[in-house]
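Everything below belongs to my_file.cif, which stores mmCIF, C-alpha atoms.
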data_run
loop_
_atom_site.label_atom_id
_atom_site.label_comp_id
_atom_site.auth_asym_id
_atom_site.auth_seq_id
_atom_site.Cartn_x
_atom_site.Cartn_y
_atom_site.Cartn_z
CA MET A 30 0.00 0.00 0.00
CA ILE A 31 1.33 3.44 -0.94
CA ILE A 32 0.76 6.22 1.59
CA GLN A 33 -0.88 9.14 -0.20
CA LYS A 34 -3.22 11.82 1.11
CA THR A 35 -5.11 14.71 -0.48
CA GLY A 36 -6.66 17.51 1.52
CA LYS A 37 -6.60 21.04 2.80
CA ILE A 38 -3.36 22.59 4.01
CA SER A 39 -2.18 25.22 6.43
CA THR A 40 1.32 26.47 7.24
CA PHE A 41 3.39 26.19 10.40
CA GLY A 42 6.83 26.63 11.89
CA GLY A 43 9.41 29.30 12.33
CA PRO A 44 9.87 32.24 14.66
CA GLN A 45 6.77 34.09 13.38
CA ASP A 46 4.35 31.18 13.95
CA SER A 47 2.09 32.32 16.77
CA GLY A 48 0.03 29.14 16.39
CA VAL A 49 2.67 27.09 18.18
CA ARG A 50 3.79 27.57 21.77
CA LEU A 51 7.16 29.21 22.29
CA GLN A 52 8.67 25.97 23.66
CA GLU A 53 6.76 23.54 21.40
CA GLY A 54 8.71 20.58 20.08
CA LEU A 55 8.25 18.34 17.06
CA ALA A 56 6.98 14.75 16.96
CA LEU A 57 9.69 13.45 14.62
CA ILE A 58 12.77 15.42 15.72
CA GLU A 59 14.42 15.70 19.14
CA PRO A 60 16.78 18.50 20.28
CA GLU A 61 19.75 16.09 20.28
CA ASP A 62 19.06 15.33 16.59
CA LEU A 63 20.40 18.77 15.69
CA ARG A 64 23.93 17.34 15.88
CA ASP A 65 23.04 15.33 12.74
CA PRO A 66 23.28 17.38 9.51
CA TRP A 67 20.23 15.49 8.13
CA PHE A 68 18.13 17.31 10.73
CA ALA A 69 20.21 20.40 11.54
CA LYS A 70 19.80 21.97 8.10
CA LEU A 71 16.05 22.34 8.71
CA PHE A 72 16.58 24.83 11.52
CA LEU A 73 17.55 28.44 12.02
CA ASP A 74 20.72 28.95 14.04
CA CYS A 75 19.18 30.31 17.23
CA HIS A 76 20.16 28.60 20.45
CA ASP A 77 18.83 31.05 23.01
CA GLY A 78 17.14 28.27 25.02
CA ARG A 79 13.78 30.07 24.88
CA HIS A 80 12.46 28.53 21.66
CA GLY A 81 11.33 24.98 21.03
CA LEU A 82 12.02 23.17 17.78
CA ALA A 83 8.77 24.24 16.07
CA ARG A 84 9.70 27.92 16.41
CA ARG A 85 13.28 27.22 15.31
CA LEU A 86 12.29 25.62 11.98
CA ASN A 87 13.56 27.55 8.98
CA PRO A 88 10.31 28.60 7.27
CA SER A 89 12.12 28.77 3.90
CA PHE A 90 12.95 25.05 3.93
CA PHE A 91 10.41 22.53 2.65
CA TYR A 92 8.87 20.42 5.42
CA ILE A 93 5.52 18.83 6.24
CA ALA A 94 3.45 17.58 9.14
CA ALA A 95 0.60 15.10 8.75
CA ARG A 96 -1.31 12.69 10.95
CA TRP A 97 1.03 9.74 10.45
CA ASN A 98 -0.15 6.27 11.42
CA TYR A 99 2.74 5.03 13.57
CA PHE A 100 1.53 1.42 13.23
CA LEU A 101 1.84 1.51 9.42
CA THR A 102 4.81 3.87 9.36
CA PRO A 103 6.80 3.83 12.62
CA ARG A 104 8.32 7.09 13.81
CA LYS A 105 11.86 5.75 13.23
CA LEU A 106 11.02 5.13 9.55
CA LEU A 107 9.29 8.49 9.05
CA ARG A 108 12.33 10.38 10.35
CA ARG A 109 14.25 9.41 7.18
CA CYS A 110 11.45 9.75 4.60
CA TYR A 111 10.39 12.49 2.23
CA ALA A 112 6.99 13.57 1.02
CA LEU A 113 6.36 14.50 -2.58
CA VAL A 114 3.88 17.36 -2.30
CA GLU A 115 1.83 18.28 -5.37
CA ALA A 116 -0.44 21.23 -6.08
CA ASN A 117 -1.22 23.63 -8.91
CA GLY A 118 0.73 21.51 -11.40
CA LYS A 119 3.93 21.73 -9.31
CA LYS A 120 5.79 19.09 -7.27
CA GLU A 121 8.33 19.53 -4.46
CA LEU A 122 10.10 17.25 -2.02
CA ALA A 123 9.57 17.97 1.67
CA ARG A 124 11.01 16.57 4.87
CA LEU A 125 8.72 15.09 7.52
CA VAL A 126 9.02 16.90 10.86
CA ASP A 127 5.83 16.66 12.90
CA TRP A 128 2.43 15.09 13.52
CA GLY A 129 -0.61 17.26 12.81
CA PRO A 130 -2.70 19.23 12.14
CA ASN A 131 -5.44 18.58 14.67
CA ARG A 132 -8.44 16.82 13.08
CA ARG A 133 -10.75 19.62 14.25
CA THR A 134 -9.14 22.00 11.73
CA GLY A 135 -10.47 19.95 8.80
CA ARG A 136 -6.98 20.04 7.28
CA GLU A 137 -4.84 17.07 6.26
CA MET A 138 -1.35 18.58 6.35
CA ASP A 139 0.72 21.49 7.55
CA LEU A 140 3.40 22.79 5.20
CA SER A 141 6.32 25.12 5.71
CA PRO A 142 5.59 28.68 4.61
CA GLY A 143 8.32 28.35 1.95
CA LEU A 144 6.81 25.18 0.51
CA ALA A 145 3.30 26.64 0.47
CA LYS A 146 4.62 29.72 -1.34
CA LYS A 147 6.52 27.63 -3.92
CA LEU A 148 3.37 25.59 -4.64
CA GLN A 149 1.24 28.75 -4.69
CA LEU A 150 -0.92 27.56 -1.80
CA ARG A 151 -2.76 29.41 0.93
CA THR A 152 -4.51 28.09 4.02
CA ASP A 153 -7.38 25.75 3.11
CA ASP A 154 -6.16 25.21 -0.46
CA THR A 155 -5.76 21.55 -1.47
CA ALA A 156 -2.57 19.55 -2.01
CA THR A 157 -1.57 15.89 -2.28
CA PHE A 158 1.41 14.22 -0.71
CA THR A 159 2.95 10.82 -1.38
CA LEU A 160 5.33 9.31 1.18
CA LEU A 161 8.72 8.44 -0.35
CA ASP A 162 11.55 6.20 0.81
CA GLY A 163 14.36 8.49 1.96
CA GLN A 164 17.06 6.56 0.11
CA THR A 165 15.42 5.62 -3.19
CA LEU A 166 12.90 8.51 -3.44
CA LYS A 167 10.37 5.95 -4.66
CA PRO A 168 6.90 5.64 -3.10
CA LEU A 169 7.15 3.91 0.26
CA ILE A 170 5.15 0.67 0.21
CA VAL A 171 3.81 -0.58 3.54
CA SER A 172 1.70 -3.58 4.49
CA PRO A 173 -1.83 -2.72 5.62
CA LEU A 174 -2.75 -3.71 9.16
#

How does the structure come out when it is put into structure tokens?
Amino acid sequence: MIIQKTGKISTFGGPQDSGVRLQEGLALIEPEDLRDPWFAKLFLDCHDGRHGLARRLNPSFFYIAARWNYFLTPRKLLRRCYALVEANGKKELARLVDWGPNRRTGREMDLSPGLAKKLQLRTDDTATFTLLDGQTLKPLIVSPL
């Protein structure tokens, strides 16, 4: 089974995001992961101790949050995957960083402001993502439960 989802989007992350708490973390990245270049390049270089990882994300980089099913796609696997995000006839690769948005929003995914801009998307516009293997960049195939 290929993991693919279509739905409404919103944006999140970075120092200007008032929708996340000042100290809010991320579901797929821990503070100690910032020693690894795979993760570190996603973040702004601000180590003042006041900001959690969500506020330290570089809003220009391409990243995504979705409501991942950890039984189908364990957290350890997701940390090294990409998402191919498609909208308005454009496609971009994005890194997976968090779980969300809350179901009550009616949205399926949160994108970085930079990714949303590149795909010409605004809040509540529609996009599709396909989960890709981080090494082969081919659709990740998982066994259904």

Please evaluate the PyMOL selection byres ((chain A and resi 56-62) around 10) against the displayed coordinates and give the resulting residues as an mmCIF file with C-alpha atoms, keeping the file's coordinate frame.
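Ended up saving to expr16.cif:
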data_model
loop_
_atom_site.group_PDB
_atom_site.id
_atom_site.type_symbol
_atom_site.label_atom_id
_atom_site.label_comp_id
_atom_site.auth_asym_id
_atom_site.auth_seq_id
_atom_site.Cartn_x
_atom_site.Cartn_y
_atom_site.Cartn_z
ATOM 1 C CA GLU A 53 6.760 23.540 21.400
ATOM 2 C CA GLY A 54 8.710 20.580 20.080
ATOM 3 C CA LEU A 55 8.250 18.340 17.060
ATOM 4 C CA LEU A 63 20.400 18.770 15.690
ATOM 5 C CA ARG A 64 23.930 17.340 15.880
ATOM 6 C CA ASP A 65 23.040 15.330 12.740
ATOM 7 C CA PRO A 66 23.280 17.380 9.510
ATOM 8 C CA TRP A 67 20.230 15.490 8.130
ATOM 9 C CA PHE A 68 18.130 17.310 10.730
ATOM 10 C CA ALA A 69 20.210 20.400 11.540
ATOM 11 C CA GLY A 81 11.330 24.980 21.030
ATOM 12 C CA LEU A 82 12.020 23.170 17.780
ATOM 13 C CA ALA A 83 8.770 24.240 16.070
ATOM 14 C CA ALA A 94 3.450 17.580 9.140
ATOM 15 C CA ARG A 104 8.320 7.090 13.810
ATOM 16 C CA LYS A 105 11.860 5.750 13.230
ATOM 17 C CA LEU A 106 11.020 5.130 9.550
ATOM 18 C CA LEU A 107 9.290 8.490 9.050
ATOM 19 C CA ARG A 108 12.330 10.380 10.350
ATOM 20 C CA ARG A 109 14.250 9.410 7.180
ATOM 21 C CA LEU A 125 8.720 15.090 7.520
ATOM 22 C CA VAL A 126 9.020 16.900 10.860
ATOM 23 C CA ASP A 127 5.830 16.660 12.900
ATOM 24 C CA TRP A 128 2.430 15.090 13.520
ATOM 25 C CA GLY A 129 -0.610 17.260 12.810
#

Expressed in Å to a single decimal, how great is the separation between atom CA of Leu169 of chain A and atom CA of Ile31 of chain A? 6.0 Å

Please build the interface table for segment 49-139 of chain A against segment 153-166 of chain A with a cut-off of 7 Å, listing for each qualifying residue the nearest atom pair and the distance in Å to one decimal; count all atoms listed in the file, order rows by chain and increasing number, and write it as a Markdown table.
| residue | atom | partner | partner_atom | distance |
| --- | --- | --- | --- | --- |
| A:Arg109 | CA | A:Gly163 | CA | 5.3 |
| A:Cys110 | CA | A:Gly163 | CA | 4.1 |
| A:Tyr111 | CA | A:Leu161 | CA | 5.1 |
| A:Ala112 | CA | A:Leu160 | CA | 4.6 |
| A:Leu113 | CA | A:Thr159 | CA | 5.2 |
| A:Val114 | CA | A:Phe158 | CA | 4.3 |
| A:Glu115 | CA | A:Thr157 | CA | 5.2 |
| A:Ala116 | CA | A:Ala156 | CA | 4.9 |

What would the file look like if the residues just selected were written as an mmCIF file, in the coordinates of the input with C-alpha atoms?
data_model
loop_
_atom_site.group_PDB
_atom_site.id
_atom_site.type_symbol
_atom_site.label_atom_id
_atom_site.label_comp_id
_atom_site.auth_asym_id
_atom_site.auth_seq_id
_atom_site.Cartn_x
_atom_site.Cartn_y
_atom_site.Cartn_z
ATOM 1 C CA ARG A 109 14.250 9.410 7.180
ATOM 2 C CA CYS A 110 11.450 9.750 4.600
ATOM 3 C CA TYR A 111 10.390 12.490 2.230
ATOM 4 C CA ALA A 112 6.990 13.570 1.020
ATOM 5 C CA LEU A 113 6.360 14.500 -2.580
ATOM 6 C CA VAL A 114 3.880 17.360 -2.300
ATOM 7 C CA GLU A 115 1.830 18.280 -5.370
ATOM 8 C CA ALA A 116 -0.440 21.230 -6.080
#

One number please: atom CA of Lys146 of chain A to atom CA of Ile170 of chain A, in Å, one decimal.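 These two atoms are separated by 29.1 Å.
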
I'd like to see the residues matched by the PyMOL selection byres ((chain A and resi 45) around 12) on this file, and ideally I'd get them as JSON, numbers by chain. {"A": [40, 41, 42, 43, 44, 46, 47, 48, 49, 50, 51, 80, 83, 84, 85, 86, 87, 88, 141, 142]}

Point-to-point distance in Å for atom CA of Arg124 of chain A and atom CA of Phe91 of chain A: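 Spanning atom CA of Phe91 of chain A to atom CA of Arg124 of chain A is a straight-line distance of 6.4 Å.
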
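Candidate residues A:Thr152, A:Met30, A:Pro103, A:Lys119 were compared for distance to Glu137 of chain A, and the nearest is A:Thr152, using only C-alpha atoms.
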
Let me make sure I understand: among A:Leu73, A:Ile93, A:Ser39, A:Ile32, which one has the smallest atom-to-atom distance to Leu122 of chain A if we use all atoms listed in the file?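 Closest to Leu122 of chain A of all the choices is A:Ile93.
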
Given all atoms listed in the file as the counted atoms, nearest of A:Trp97, A:Tyr92, A:Asp74, A:Ser172 to Asn131 of chain A: A:Trp97

Counting all atoms listed in the file, which residue out of A:Leu144, A:Ala95, A:Leu101, A:Ala123 sits closest to Gly36 of chain A?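 Nearest candidate to Gly36 of chain A out of A:Leu144, A:Ala95, A:Leu101, A:Ala123: A:Ala95.
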
Would you mind putting all heavy atoms back on segment 39-50 of chain A and writing the result as a short mmCIF file (atom, residue, chain, number, x, y, z; two decimals), keeping the file's coordinate frame?
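Produced file rebuild37.cif, reproduced below:
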data_model
loop_
_atom_site.label_atom_id
_atom_site.label_comp_id
_atom_site.auth_asym_id
_atom_site.auth_seq_id
_atom_site.Cartn_x
_atom_site.Cartn_y
_atom_site.Cartn_z
N SER A 39 -2.48 23.97 5.75
CA SER A 39 -2.18 25.22 6.43
C SER A 39 -0.66 25.27 6.55
O SER A 39 0.03 24.34 6.13
CB SER A 39 -2.85 25.31 7.79
OG SER A 39 -2.43 24.27 8.63
N THR A 40 -0.13 26.35 7.09
CA THR A 40 1.32 26.47 7.24
C THR A 40 1.68 26.51 8.71
O THR A 40 0.86 26.86 9.56
CB THR A 40 1.87 27.73 6.54
OG1 THR A 40 1.26 28.88 7.11
CG2 THR A 40 1.61 27.68 5.05
N PHE A 41 2.93 26.14 9.01
CA PHE A 41 3.39 26.19 10.40
C PHE A 41 4.91 26.26 10.44
O PHE A 41 5.59 25.94 9.48
CB PHE A 41 2.89 24.98 11.20
CG PHE A 41 3.81 23.79 11.13
CD1 PHE A 41 4.56 23.42 12.24
CD2 PHE A 41 3.94 23.04 9.98
CE1 PHE A 41 5.40 22.32 12.19
CE2 PHE A 41 4.78 21.95 9.92
CZ PHE A 41 5.51 21.59 11.03
N GLY A 42 5.40 26.66 11.60
CA GLY A 42 6.83 26.63 11.89
C GLY A 42 7.53 27.95 11.68
O GLY A 42 7.09 28.80 10.92
N GLY A 43 8.60 28.11 12.43
CA GLY A 43 9.41 29.30 12.33
C GLY A 43 9.12 30.30 13.43
O GLY A 43 8.14 30.17 14.16
N PRO A 44 9.98 31.29 13.56
CA PRO A 44 9.87 32.24 14.66
C PRO A 44 8.60 33.09 14.64
O PRO A 44 8.16 33.57 15.67
CB PRO A 44 11.10 33.14 14.50
CG PRO A 44 11.80 32.73 13.26
CD PRO A 44 11.14 31.51 12.72
N GLN A 45 7.98 33.25 13.49
CA GLN A 45 6.77 34.09 13.38
C GLN A 45 5.48 33.31 13.60
O GLN A 45 4.40 33.91 13.56
CB GLN A 45 6.74 34.78 12.02
CG GLN A 45 7.97 35.60 11.70
CD GLN A 45 8.28 36.64 12.74
OE1 GLN A 45 7.38 37.34 13.21
NE2 GLN A 45 9.53 36.72 13.15
N ASP A 46 5.55 32.00 13.82
CA ASP A 46 4.35 31.18 13.95
C ASP A 46 3.75 31.31 15.35
O ASP A 46 4.19 30.66 16.29
CB ASP A 46 4.67 29.72 13.64
CG ASP A 46 3.42 28.85 13.59
OD1 ASP A 46 2.33 29.33 13.97
OD2 ASP A 46 3.55 27.68 13.18
N SER A 47 2.73 32.13 15.47
CA SER A 47 2.09 32.32 16.77
C SER A 47 1.12 31.19 17.09
O SER A 47 0.58 31.13 18.19
CB SER A 47 1.35 33.66 16.80
OG SER A 47 0.36 33.69 15.79
N GLY A 48 0.92 30.27 16.16
CA GLY A 48 0.03 29.14 16.39
C GLY A 48 0.68 28.00 17.15
O GLY A 48 0.01 27.03 17.51
N VAL A 49 1.99 28.10 17.37
CA VAL A 49 2.67 27.09 18.18
C VAL A 49 3.23 27.77 19.42
O VAL A 49 3.62 28.94 19.39
CB VAL A 49 3.81 26.36 17.40
CG1 VAL A 49 3.26 25.58 16.24
CG2 VAL A 49 4.88 27.31 16.94
N ARG A 50 3.25 27.03 20.52
CA ARG A 50 3.79 27.57 21.77
C ARG A 50 5.28 27.86 21.61
O ARG A 50 5.97 27.21 20.83
CB ARG A 50 3.57 26.58 22.92
CG ARG A 50 2.10 26.36 23.26
CD ARG A 50 1.91 25.41 24.44
NE ARG A 50 2.71 24.20 24.37
CZ ARG A 50 2.40 23.10 23.69
NH1 ARG A 50 1.29 23.05 22.98
NH2 ARG A 50 3.18 22.05 23.70
#
